Structure formats: structure tokens, C-alpha cells
Amino acid sequence: MISIFPKRKFTVFAGENSWKDIWVGLRHFFSLREDARDILAFEDAFSNFVNRTHSVSFGSGRMALYAILKSLGIGPGDEVVIQAFTCNVVPRAIRAIGAKPVYADIDPVTLNMDPESLKSVVTEQTRVVVVQHTFGMPPDMSLINKILGARKDIVVVEDCAHSFKPLAADATLDGRGFAFFSTDHTKPLNTHVGGVACCQSEKDVKLLRQVQKSAKQLSFFRRKQLQLSFLVEAIGHRPSIYPVLRYLLALIAKLDFMFSWPDNHSIADDSGRGGIYGMTPFQARLGIEQLRKADSNMRHRCEAFRALENRFRHYGTEQALPLLRYPVVVEDRRAFYSSLRSELPQSTWFDAPVSGGAAVYEDVLYDLGSCPIAERVSENVVNVSISGKTPLDVCLDPMRTQNADWDKTAGVSAE
Ligand SMILES: Cc1ncc(COP(=O)(O)O)c(C=O)c1O
């Protein structure tokens, strides 16, 4: 049937945002002033929420990671271990500080770092291990600590870009509680773009604050662009409005108007738009609103997790987890997508061991073949967004009924 309305397929599935958040956006957009005290208020509320003593906000998650590395004095000659099956902005932040990213392979079920692989890549030069919570799945810190054993000189930094909470601060070998978060529009809490670095001690936060103080601030025009971009997405990317505005939203995206930090944003080079940035008071105010709704946001994700886990049994756990996205490893990604109900967003995170694939491997020092499990998983994984904009009934029945025998054609590897 020919329809005058575009199909209900979501391209960007912005995170949770209510009309209250939109009101915050409108108020800031039509005002010439912002209240800098909102930044401290957000950081305090964030610390409370994630059970960390200190939180320091930045323009993005990768900038928060860079700030932690800088505060630790990491530089040329140092190695930072990260897992493959990650976003290229993580190794780029490590390269920006002058250190070398070294890749550990992953566990094929949790998609987190494989502790045995970590063991094989740690060297005398290793100064930091970044432990990712892939899609929100908590990593097994006791195994990682066991591997690091006597290496008390190695600092553990949790990459919580996909998760709501870090592990208990004392779960890590060093107990310094370093963690960083992303609050970009695709993440659990949405301030359009943004990031937070957390730590436990006065000494560590002092150094992080120094990096924050030296950060650049967005110009007036860029702040307005950020506010407007947030409003366009928060209003337009709602299930009830998106189908009607789809062409307009596509046009706005094509005009390159929307505010974002490109993957290759040069953190180390201050010239032009490069450099490390602070968060704006508008984003902080949004962050406070997001934290107020975090419990219901997590509840929704737990229910969606249960529904999808019931069907796919990827994790094989009874525990309901507030994941960012639910992954399934399939044999035929295209068959899976064509059988998905149209309400579900159709994008795969990490379809290469480092997002961006071959085009970025040289920049991020990834050797193809070095992490075979991450490479295989990234060829076959699909991951479904389970934000508040994904209705629960869609999670319960994610496939169209005419594709009831999908499992046979596409083949879920777990089951
Ligand atoms: C695993 C992981 N870590 C860190 C980041 C960086 O976050 P940001 O885009 O806010 O810099 C991302 C971004 O998607 C990510 O997926």
C-alpha cells in the first residue's frame, strides 16, 4: 500500500526526555542568561546518584576520560588497556594524551573485557586499564583484580558511558573510584551531549577540577545551536510525532545543523573548535531533570530486559538489568532487521571491533586479527535500543507475526 507518510522507522533514537525537559530547553533557548550554579548542583546530584564522592562535568564522555588521564599524568610511553568492541572515541582520547591504546579481547556473552585476554596484554608500560560496562552489563571486577594482582601501580577507570552506575568504589584494586559517563543523546541519561568524571579522593578531584577549569566554553552561538538541536530531537523524535516530521528532520540533519562532537574531534588541539570543553548550565539543568526520572528510566529498561531475555536468553540471567541496549548475536543481520517491527530502531552499535572499522584502525592503533572474538561478535551482533521510547509491547513481541519462524532463518546463536 502506498502511504503519504514515511515509514515509522527511527534513525536516531534519542534517550529519555519528557515535556519537562523540553520546557527546560525552551526556557534556555529564549533566555540570554544561564546560571553557572546549575553545574555544581548537577555534579552534586550526580555524585549522590552514582555513589561517588566527587563528580566533575565535561562536554562529553571522551573529554571526561581525557581529563582523568591528564589528572593521572598519563603521556607518551604509557599504555592504556581498553577492550575491543568499543567506540573509536575511547582510543582517540588515549592517543590525544600521547599514550598508546592496547586492546584486550572480549567475553562473547557479556561483551565486556575478557580477564584472560587482559592478562596477555598487560606490560611494564601499562598505567591504566579502562573497564567498559558494555551496553550496561556490569563487568566482573573480582576477576580483573585477580589478573592485575600485585600491580598496584595500575589505575582502573570504569567506562560507564553505557551504564547508570559504576561498581562499588572499593570493588576495584586501587579503590580510587575513577569512572566516567557519557550523557549524550543515545545514552541512559540525555543532556544531548555531555560527560562526567567521578573519583573518591580530595587529591584526585583537585586535579580533575584543574582540567575542568582549563576547559573551553562554548560560544553563545554554539550554545544556542546545542539548545535548538536538543529541542528538535526531544520534540521530533517521539513515536507520535516522528512519522509526520520525518522529512523535515531528515532535512535538518542533512543541513549539518545539529550539534554533535564528531568522532574525530581533536581534544588535544585547542585551535578552532578543537580542545576539551566544559558542560553548559543548560545541560546541567537537563541533567538534574534526567536524574529525577532515573529510577523510572531504569525500571522500564529492566522490564524491557526481562521481555527480551525471555525470548533470546543472551545473558542467561534471572536478574533484571537496566541495560542501554539489548544485544543478540545472529547469523544474518539483514534477515534480523527485516523481521524487526518498525517501531524498533535499526542501528547496530559496534559493527567493527572499534567503531568506524578499517577507516579508523590506523588512527586508533588497532591491528586487525588481534581480538578475534570481538571481530566475530561485531560481524554478527545486533542490539536493540530499550529506552523509554521503545514501548514494552514491542519488546515482548519484537518480530512481526508473519516472520514467526525468524529464529530459523536468521538463527540466534544463544538458543
Ligand atoms: C563505550 C563508550 N565509551 C565512551 C564513549 C564516549 O562518549 P561521548 O560520545 O560522550 O564522548 C562512547 C560513545 O558512544 C562509548 O560507546
# chains A, B, ... in the order shown; residues from 1 in each chain; ligands from 1
>>> residues_near_ligand(ligand="ligand 1", cutoff="8 Å", atoms="only C-alpha atoms and all ligand atoms", output="PDB file with N, CA, C and O atoms, in the first residue's frame")
ATOM      1  N   GLY A  59      32.289  18.341  28.463  1.00  0.00           N
ATOM      2  CA  GLY A  59      31.477  18.445  27.252  1.00  0.00           C
ATOM      3  C   GLY A  59      31.071  17.100  26.672  1.00  0.00           C
ATOM      4  O   GLY A  59      30.126  17.019  25.885  1.00  0.00           O
ATOM      5  N   SER A  60      31.785  16.022  27.037  1.00  0.00           N
ATOM      6  CA  SER A  60      31.441  14.692  26.514  1.00  0.00           C
ATOM      7  C   SER A  60      32.135  13.626  27.360  1.00  0.00           C
ATOM      8  O   SER A  60      33.018  13.945  28.178  1.00  0.00           O
ATOM      9  N   GLY A  61      31.760  12.366  27.123  1.00  0.00           N
ATOM     10  CA  GLY A  61      32.368  11.256  27.861  1.00  0.00           C
ATOM     11  C   GLY A  61      33.850  11.130  27.562  1.00  0.00           C
ATOM     12  O   GLY A  61      34.671  10.913  28.454  1.00  0.00           O
ATOM     13  N   ARG A  62      34.224  11.273  26.279  1.00  0.00           N
ATOM     14  CA  ARG A  62      35.644  11.116  25.913  1.00  0.00           C
ATOM     15  C   ARG A  62      36.491  12.221  26.546  1.00  0.00           C
ATOM     16  O   ARG A  62      37.636  12.007  26.900  1.00  0.00           O
ATOM     17  N   MET A  63      35.886  13.421  26.717  1.00  0.00           N
ATOM     18  CA  MET A  63      36.626  14.516  27.365  1.00  0.00           C
ATOM     19  C   MET A  63      36.802  14.211  28.853  1.00  0.00           C
ATOM     20  O   MET A  63      37.826  14.545  29.451  1.00  0.00           O
ATOM     21  N   ALA A  64      35.793  13.558  29.442  1.00  0.00           N
ATOM     22  CA  ALA A  64      35.905  13.156  30.859  1.00  0.00           C
ATOM     23  C   ALA A  64      37.020  12.120  31.011  1.00  0.00           C
ATOM     24  O   ALA A  64      37.812  12.187  31.959  1.00  0.00           O
ATOM     25  N   THR A  86      34.396  -1.482  21.029  1.00  0.00           N
ATOM     26  CA  THR A  86      34.213  -0.203  21.702  1.00  0.00           C
ATOM     27  C   THR A  86      34.071   0.900  20.662  1.00  0.00           C
ATOM     28  O   THR A  86      34.166   0.656  19.453  1.00  0.00           O
ATOM     29  N   CYS A  87      33.864   2.105  21.174  1.00  0.00           N
ATOM     30  CA  CYS A  87      33.692   3.261  20.291  1.00  0.00           C
ATOM     31  C   CYS A  87      35.071   3.872  20.024  1.00  0.00           C
ATOM     32  O   CYS A  87      35.896   3.989  20.938  1.00  0.00           O
ATOM     33  N   ASN A  88      35.311   4.293  18.789  1.00  0.00           N
ATOM     34  CA  ASN A  88      36.657   4.791  18.440  1.00  0.00           C
ATOM     35  C   ASN A  88      37.055   6.047  19.216  1.00  0.00           C
ATOM     36  O   ASN A  88      38.228   6.386  19.297  1.00  0.00           O
ATOM     37  N   VAL A  89      36.083   6.732  19.823  1.00  0.00           N
ATOM     38  CA  VAL A  89      36.452   7.955  20.561  1.00  0.00           C
ATOM     39  C   VAL A  89      37.243   7.624  21.830  1.00  0.00           C
ATOM     40  O   VAL A  89      37.960   8.478  22.354  1.00  0.00           O
ATOM     41  N   VAL A  90      37.126   6.370  22.310  1.00  0.00           N
ATOM     42  CA  VAL A  90      37.866   5.974  23.519  1.00  0.00           C
ATOM     43  C   VAL A  90      39.371   5.904  23.211  1.00  0.00           C
ATOM     44  O   VAL A  90      40.168   6.609  23.841  1.00  0.00           O
ATOM     45  N   GLN A 132      35.105  -1.371  30.596  1.00  0.00           N
ATOM     46  CA  GLN A 132      33.842  -0.915  29.992  1.00  0.00           C
ATOM     47  C   GLN A 132      32.649  -1.732  30.496  1.00  0.00           C
ATOM     48  O   GLN A 132      32.762  -2.951  30.646  1.00  0.00           O
ATOM     49  N   HIS A 133      31.528  -1.050  30.710  1.00  0.00           N
ATOM     50  CA  HIS A 133      30.268  -1.741  31.031  1.00  0.00           C
ATOM     51  C   HIS A 133      29.490  -1.814  29.717  1.00  0.00           C
ATOM     52  O   HIS A 133      28.626  -0.982  29.459  1.00  0.00           O
ATOM     53  N   THR A 134      29.802  -2.786  28.877  1.00  0.00           N
ATOM     54  CA  THR A 134      29.208  -2.774  27.536  1.00  0.00           C
ATOM     55  C   THR A 134      27.679  -2.902  27.587  1.00  0.00           C
ATOM     56  O   THR A 134      27.156  -3.844  28.182  1.00  0.00           O
ATOM     57  N   PHE A 135      27.018  -1.968  26.957  1.00  0.00           N
ATOM     58  CA  PHE A 135      25.543  -1.882  26.943  1.00  0.00           C
ATOM     59  C   PHE A 135      24.945  -1.857  28.350  1.00  0.00           C
ATOM     60  O   PHE A 135      23.761  -2.117  28.539  1.00  0.00           O
ATOM     61  N   ASP A 159      34.540   2.582  32.399  1.00  0.00           N
ATOM     62  CA  ASP A 159      33.860   3.291  31.314  1.00  0.00           C
ATOM     63  C   ASP A 159      32.366   3.000  31.460  1.00  0.00           C
ATOM     64  O   ASP A 159      31.883   1.946  31.049  1.00  0.00           O
ATOM     65  N   CYS A 160      31.668   3.962  32.080  1.00  0.00           N
ATOM     66  CA  CYS A 160      30.231   3.793  32.330  1.00  0.00           C
ATOM     67  C   CYS A 160      29.398   4.568  31.303  1.00  0.00           C
ATOM     68  O   CYS A 160      28.266   4.953  31.599  1.00  0.00           O
ATOM     69  N   ALA A 161      29.950   4.775  30.113  1.00  0.00           N
ATOM     70  CA  ALA A 161      29.207   5.515  29.084  1.00  0.00           C
ATOM     71  C   ALA A 161      27.858   4.862  28.798  1.00  0.00           C
ATOM     72  O   ALA A 161      26.905   5.538  28.436  1.00  0.00           O
ATOM     73  N   HIS A 162      27.768   3.530  28.975  1.00  0.00           N
ATOM     74  CA  HIS A 162      26.514   2.840  28.662  1.00  0.00           C
ATOM     75  C   HIS A 162      25.690   2.516  29.904  1.00  0.00           C
ATOM     76  O   HIS A 162      24.664   1.864  29.796  1.00  0.00           O
ATOM     77  N   PHE A 181      31.316   8.855  32.561  1.00  0.00           N
ATOM     78  CA  PHE A 181      29.991   8.650  31.978  1.00  0.00           C
ATOM     79  C   PHE A 181      29.840   9.523  30.741  1.00  0.00           C
ATOM     80  O   PHE A 181      30.487  10.558  30.640  1.00  0.00           O
ATOM     81  N   SER A 182      28.950   9.091  29.863  1.00  0.00           N
ATOM     82  CA  SER A 182      28.544   9.946  28.740  1.00  0.00           C
ATOM     83  C   SER A 182      27.074  10.277  28.957  1.00  0.00           C
ATOM     84  O   SER A 182      26.299   9.397  29.353  1.00  0.00           O
ATOM     85  N   THR A 183      26.703  11.536  28.738  1.00  0.00           N
ATOM     86  CA  THR A 183      25.270  11.878  28.828  1.00  0.00           C
ATOM     87  C   THR A 183      24.791  12.344  27.454  1.00  0.00           C
ATOM     88  O   THR A 183      23.938  13.211  27.346  1.00  0.00           O
ATOM     89  N   ASP A 184      25.368  11.754  26.434  1.00  0.00           N
ATOM     90  CA  ASP A 184      24.973  12.093  25.066  1.00  0.00           C
ATOM     91  C   ASP A 184      23.576  11.529  24.769  1.00  0.00           C
ATOM     92  O   ASP A 184      23.086  10.679  25.512  1.00  0.00           O
ATOM     93  N   THR A 186      22.167   9.388  23.068  1.00  0.00           N
ATOM     94  CA  THR A 186      21.874   7.962  22.902  1.00  0.00           C
ATOM     95  C   THR A 186      22.113   7.178  24.189  1.00  0.00           C
ATOM     96  O   THR A 186      21.945   5.955  24.202  1.00  0.00           O
ATOM     97  N   LYS A 187      22.515   7.857  25.253  1.00  0.00           N
ATOM     98  CA  LYS A 187      22.951   7.172  26.470  1.00  0.00           C
ATOM     99  C   LYS A 187      21.824   7.165  27.530  1.00  0.00           C
ATOM    100  O   LYS A 187      20.788   7.793  27.341  1.00  0.00           O
ATOM    101  N   VAL A 193      24.592  16.270  24.560  1.00  0.00           N
ATOM    102  CA  VAL A 193      25.972  15.770  24.627  1.00  0.00           C
ATOM    103  C   VAL A 193      26.434  16.050  26.050  1.00  0.00           C
ATOM    104  O   VAL A 193      25.836  16.883  26.730  1.00  0.00           O
ATOM    105  N   GLY A 194      27.474  15.384  26.487  1.00  0.00           N
ATOM    106  CA  GLY A 194      27.966  15.669  27.837  1.00  0.00           C
ATOM    107  C   GLY A 194      28.691  14.479  28.431  1.00  0.00           C
ATOM    108  O   GLY A 194      28.614  13.359  27.902  1.00  0.00           O
ATOM    109  N   GLY A 195      29.417  14.742  29.502  1.00  0.00           N
ATOM    110  CA  GLY A 195      30.141  13.663  30.164  1.00  0.00           C
ATOM    111  C   GLY A 195      30.483  14.051  31.590  1.00  0.00           C
ATOM    112  O   GLY A 195      30.474  15.240  31.941  1.00  0.00           O
ATOM    113  N   TRP A 261      29.574  16.240  18.761  1.00  0.00           N
ATOM    114  CA  TRP A 261      31.033  16.172  18.724  1.00  0.00           C
ATOM    115  C   TRP A 261      31.383  15.082  17.741  1.00  0.00           C
ATOM    116  O   TRP A 261      31.097  13.912  18.001  1.00  0.00           O
ATOM    117  N   ASP A 263      33.358  12.160  15.806  1.00  0.00           N
ATOM    118  CA  ASP A 263      34.267  11.153  16.373  1.00  0.00           C
ATOM    119  C   ASP A 263      35.716  11.632  16.341  1.00  0.00           C
ATOM    120  O   ASP A 263      36.494  11.327  17.232  1.00  0.00           O
TER     121      ASP A 263
END
>>> closest_atom_pairs(of="region 241-265 of chain A", to="region 210-230 of chain A", cutoff="10 Å", atoms="only C-alpha atoms", output="JSON lines")
{"residue": "A:Ile252", "atom": "CA", "partner": "A:Ser229", "partner_atom": "CA", "distance": 9.5}
{"residue": "A:Ala253", "atom": "CA", "partner": "A:Ser229", "partner_atom": "CA", "distance": 9.7}
{"residue": "A:Phe257", "atom": "CA", "partner": "A:Gln225", "partner_atom": "CA", "distance": 7.6}
{"residue": "A:Met258", "atom": "CA", "partner": "A:Ser229", "partner_atom": "CA", "distance": 5.1}
{"residue": "A:Phe259", "atom": "CA", "partner": "A:Leu226", "partner_atom": "CA", "distance": 5.2}
{"residue": "A:Ser260", "atom": "CA", "partner": "A:Leu226", "partner_atom": "CA", "distance": 8.1}
>>> closest_residue(among="A:Thr191, A:Glu34, A:Pro76, A:Glu331", to="Ile288 (chain A)", atoms="only C-alpha atoms")
A:Thr191
>>> residues_around(residues="region 66-68 of chain A", least_positions_apart="5", cutoff="12 Å", atoms="only C-alpha atoms", output="PyMOL selection string")
chain A and resi 55-61+73-75+80+89-99+128+130+155-159+176-181+195-199+204-215+266-268+275-278
>>> atom_distance(atom1="CA of Glu43 (chain A)", atom2="CA of Met137 (chain A)")
24.0 Å
>>> select_by_dssp(residues="region 127-306 of chain A", states="strand (DSSP E or B)", output="PyMOL selection string")
chain A and resi 127-132+155-159+178-182+195-199+216+277
>>> atom_distance(atom1="CA of Phe350 (chain A)", atom2="CA of Val131 (chain A)")
16.6 Å
>>> closest_residue(among="A:Ala358, A:Ile241, A:Ile106, A:Ile22", to="His192 (chain A)", atoms="only C-alpha atoms")
A:Ile22
>>> select_by_dssp(residues="region 281-377 of chain A", states="alpha helix (DSSP H)", output="PyMOL selection string")
chain A and resi 281-292+294-312+333-339+358-364+372-377
>>> atom_distance(atom1="CA of Gly236 (chain A)", atom2="CA of Met279 (chain A)")
23.8 Å
>>> residues_around(residues="Glu116 (chain A)", least_positions_apart="3", cutoff="10 Å", atoms="only C-alpha atoms", output="list in words")
Ala104, Asp105, Ile106, Asp107, Met113, Lys119, Ser120, Val121, Leu143, Ile144 and Ile147 of chain A
>>> closest_atom_pairs(of="region 159-248 of chain A", to="region 381-394 of chain A", cutoff="12 Å", atoms="only C-alpha atoms", output="tab-separated table")
residue	atom	partner	partner_atom	distance
A:His162	CA	A:Ser385	CA	11.5
A:His185	CA	A:Ser387	CA	10.9
A:Thr186	CA	A:Ser387	CA	8.9
A:Lys187	CA	A:Ser387	CA	8.9
A:Pro188	CA	A:Ser387	CA	7.7
A:Leu189	CA	A:Ser387	CA	10.0
A:Asn190	CA	A:Ser387	CA	10.8
A:Ala234	CA	A:Lys389	CA	10.9
A:His237	CA	A:Lys389	CA	8.9
A:Arg238	CA	A:Lys389	CA	7.1
A:Pro239	CA	A:Lys389	CA	6.9
A:Ser240	CA	A:Lys389	CA	10.2
A:Ile241	CA	A:Lys389	CA	11.9
A:Tyr242	CA	A:Lys389	CA	11.4
>>> decode(residues="region 71-85 of chain A", atoms="all heavy atoms", output="PDB file, in the first residue's frame")
ATOM      1  N   SER A  71      44.791  14.038  34.602  1.00  0.00           N
ATOM      2  CA  SER A  71      44.976  14.228  36.042  1.00  0.00           C
ATOM      3  C   SER A  71      45.927  13.162  36.612  1.00  0.00           C
ATOM      4  O   SER A  71      46.561  13.373  37.630  1.00  0.00           O
ATOM      5  CB  SER A  71      43.630  14.190  36.773  1.00  0.00           C
ATOM      6  OG  SER A  71      43.154  12.856  36.832  1.00  0.00           O
ATOM      7  N   LEU A  72      46.010  12.013  35.916  1.00  0.00           N
ATOM      8  CA  LEU A  72      46.908  10.939  36.366  1.00  0.00           C
ATOM      9  C   LEU A  72      48.320  11.099  35.803  1.00  0.00           C
ATOM     10  O   LEU A  72      49.200  10.287  36.077  1.00  0.00           O
ATOM     11  CB  LEU A  72      46.351   9.571  35.935  1.00  0.00           C
ATOM     12  CG  LEU A  72      45.072   9.109  36.643  1.00  0.00           C
ATOM     13  CD1 LEU A  72      44.484   7.890  35.937  1.00  0.00           C
ATOM     14  CD2 LEU A  72      45.360   8.793  38.104  1.00  0.00           C
ATOM     15  N   GLY A  73      48.486  12.114  34.967  1.00  0.00           N
ATOM     16  CA  GLY A  73      49.815  12.359  34.386  1.00  0.00           C
ATOM     17  C   GLY A  73      50.199  11.350  33.317  1.00  0.00           C
ATOM     18  O   GLY A  73      51.384  11.113  33.072  1.00  0.00           O
ATOM     19  N   ILE A  74      49.196  10.756  32.675  1.00  0.00           N
ATOM     20  CA  ILE A  74      49.484   9.779  31.607  1.00  0.00           C
ATOM     21  C   ILE A  74      50.000  10.528  30.377  1.00  0.00           C
ATOM     22  O   ILE A  74      49.520  11.612  30.048  1.00  0.00           O
ATOM     23  CB  ILE A  74      48.194   8.998  31.231  1.00  0.00           C
ATOM     24  CG1 ILE A  74      47.577   8.347  32.463  1.00  0.00           C
ATOM     25  CG2 ILE A  74      48.453   7.984  30.129  1.00  0.00           C
ATOM     26  CD1 ILE A  74      48.432   7.338  33.159  1.00  0.00           C
ATOM     27  N   GLY A  75      50.953   9.926  29.678  1.00  0.00           N
ATOM     28  CA  GLY A  75      51.511  10.593  28.497  1.00  0.00           C
ATOM     29  C   GLY A  75      52.306   9.637  27.645  1.00  0.00           C
ATOM     30  O   GLY A  75      52.159   8.411  27.764  1.00  0.00           O
ATOM     31  N   PRO A  76      53.169  10.174  26.790  1.00  0.00           N
ATOM     32  CA  PRO A  76      53.948   9.334  25.867  1.00  0.00           C
ATOM     33  C   PRO A  76      54.722   8.243  26.612  1.00  0.00           C
ATOM     34  O   PRO A  76      55.260   8.487  27.697  1.00  0.00           O
ATOM     35  CB  PRO A  76      54.900  10.339  25.207  1.00  0.00           C
ATOM     36  CG  PRO A  76      54.187  11.655  25.310  1.00  0.00           C
ATOM     37  CD  PRO A  76      53.411  11.609  26.586  1.00  0.00           C
ATOM     38  N   GLY A  77      54.730   7.053  26.021  1.00  0.00           N
ATOM     39  CA  GLY A  77      55.438   5.923  26.631  1.00  0.00           C
ATOM     40  C   GLY A  77      54.524   5.077  27.515  1.00  0.00           C
ATOM     41  O   GLY A  77      54.850   3.948  27.858  1.00  0.00           O
ATOM     42  N   ASP A  78      53.363   5.615  27.887  1.00  0.00           N
ATOM     43  CA  ASP A  78      52.420   4.858  28.737  1.00  0.00           C
ATOM     44  C   ASP A  78      51.440   4.068  27.863  1.00  0.00           C
ATOM     45  O   ASP A  78      51.104   4.487  26.752  1.00  0.00           O
ATOM     46  CB  ASP A  78      51.611   5.815  29.626  1.00  0.00           C
ATOM     47  CG  ASP A  78      52.500   6.537  30.625  1.00  0.00           C
ATOM     48  OD1 ASP A  78      53.532   5.955  31.018  1.00  0.00           O
ATOM     49  OD2 ASP A  78      52.165   7.678  30.993  1.00  0.00           O
ATOM     50  N   GLU A  79      50.974   2.958  28.419  1.00  0.00           N
ATOM     51  CA  GLU A  79      49.963   2.156  27.719  1.00  0.00           C
ATOM     52  C   GLU A  79      48.677   2.144  28.531  1.00  0.00           C
ATOM     53  O   GLU A  79      48.712   2.050  29.768  1.00  0.00           O
ATOM     54  CB  GLU A  79      50.467   0.715  27.530  1.00  0.00           C
ATOM     55  CG  GLU A  79      51.635   0.641  26.562  1.00  0.00           C
ATOM     56  CD  GLU A  79      52.128  -0.787  26.318  1.00  0.00           C
ATOM     57  OE1 GLU A  79      51.616  -1.737  26.969  1.00  0.00           O
ATOM     58  OE2 GLU A  79      53.040  -0.938  25.485  1.00  0.00           O
ATOM     59  N   VAL A  80      47.565   2.248  27.816  1.00  0.00           N
ATOM     60  CA  VAL A  80      46.252   2.200  28.452  1.00  0.00           C
ATOM     61  C   VAL A  80      45.488   1.039  27.824  1.00  0.00           C
ATOM     62  O   VAL A  80      45.269   1.030  26.606  1.00  0.00           O
ATOM     63  CB  VAL A  80      45.480   3.525  28.241  1.00  0.00           C
ATOM     64  CG1 VAL A  80      44.087   3.436  28.849  1.00  0.00           C
ATOM     65  CG2 VAL A  80      46.252   4.700  28.832  1.00  0.00           C
ATOM     66  N   VAL A  81      45.123   0.054  28.630  1.00  0.00           N
ATOM     67  CA  VAL A  81      44.407  -1.108  28.081  1.00  0.00           C
ATOM     68  C   VAL A  81      42.919  -0.799  28.023  1.00  0.00           C
ATOM     69  O   VAL A  81      42.335  -0.307  29.006  1.00  0.00           O
ATOM     70  CB  VAL A  81      44.654  -2.375  28.936  1.00  0.00           C
ATOM     71  CG1 VAL A  81      43.885  -3.562  28.360  1.00  0.00           C
ATOM     72  CG2 VAL A  81      46.144  -2.703  29.003  1.00  0.00           C
ATOM     73  N   ILE A  82      42.332  -1.078  26.870  1.00  0.00           N
ATOM     74  CA  ILE A  82      40.876  -0.959  26.708  1.00  0.00           C
ATOM     75  C   ILE A  82      40.398  -2.251  26.062  1.00  0.00           C
ATOM     76  O   ILE A  82      41.221  -3.041  25.594  1.00  0.00           O
ATOM     77  CB  ILE A  82      40.472   0.242  25.813  1.00  0.00           C
ATOM     78  CG1 ILE A  82      41.165   0.136  24.436  1.00  0.00           C
ATOM     79  CG2 ILE A  82      40.823   1.544  26.483  1.00  0.00           C
ATOM     80  CD1 ILE A  82      40.728   1.230  23.473  1.00  0.00           C
ATOM     81  N   GLN A  83      39.124  -2.464  26.019  1.00  0.00           N
ATOM     82  CA  GLN A  83      38.635  -3.651  25.324  1.00  0.00           C
ATOM     83  C   GLN A  83      38.350  -3.305  23.872  1.00  0.00           C
ATOM     84  O   GLN A  83      38.046  -2.152  23.540  1.00  0.00           O
ATOM     85  CB  GLN A  83      37.381  -4.186  25.997  1.00  0.00           C
ATOM     86  CG  GLN A  83      36.152  -3.301  25.874  1.00  0.00           C
ATOM     87  CD  GLN A  83      34.876  -4.064  26.210  1.00  0.00           C
ATOM     88  OE1 GLN A  83      34.609  -4.360  27.375  1.00  0.00           O
ATOM     89  NE2 GLN A  83      34.082  -4.404  25.192  1.00  0.00           N
ATOM     90  N   ALA A  84      38.472  -4.313  22.988  1.00  0.00           N
ATOM     91  CA  ALA A  84      37.948  -4.149  21.642  1.00  0.00           C
ATOM     92  C   ALA A  84      36.423  -4.226  21.785  1.00  0.00           C
ATOM     93  O   ALA A  84      35.922  -4.527  22.857  1.00  0.00           O
ATOM     94  CB  ALA A  84      38.470  -5.248  20.740  1.00  0.00           C
ATOM     95  N   PHE A  85      35.678  -3.986  20.701  1.00  0.00           N
ATOM     96  CA  PHE A  85      34.229  -3.844  20.746  1.00  0.00           C
ATOM     97  C   PHE A  85      33.924  -2.592  21.564  1.00  0.00           C
ATOM     98  O   PHE A  85      33.334  -2.633  22.641  1.00  0.00           O
ATOM     99  CB  PHE A  85      33.551  -5.077  21.341  1.00  0.00           C
ATOM    100  CG  PHE A  85      32.090  -5.178  20.969  1.00  0.00           C
ATOM    101  CD1 PHE A  85      31.703  -5.411  19.662  1.00  0.00           C
ATOM    102  CD2 PHE A  85      31.094  -5.014  21.926  1.00  0.00           C
ATOM    103  CE1 PHE A  85      30.359  -5.488  19.313  1.00  0.00           C
ATOM    104  CE2 PHE A  85      29.749  -5.088  21.587  1.00  0.00           C
ATOM    105  CZ  PHE A  85      29.394  -5.322  20.277  1.00  0.00           C
TER     106      PHE A  85
END
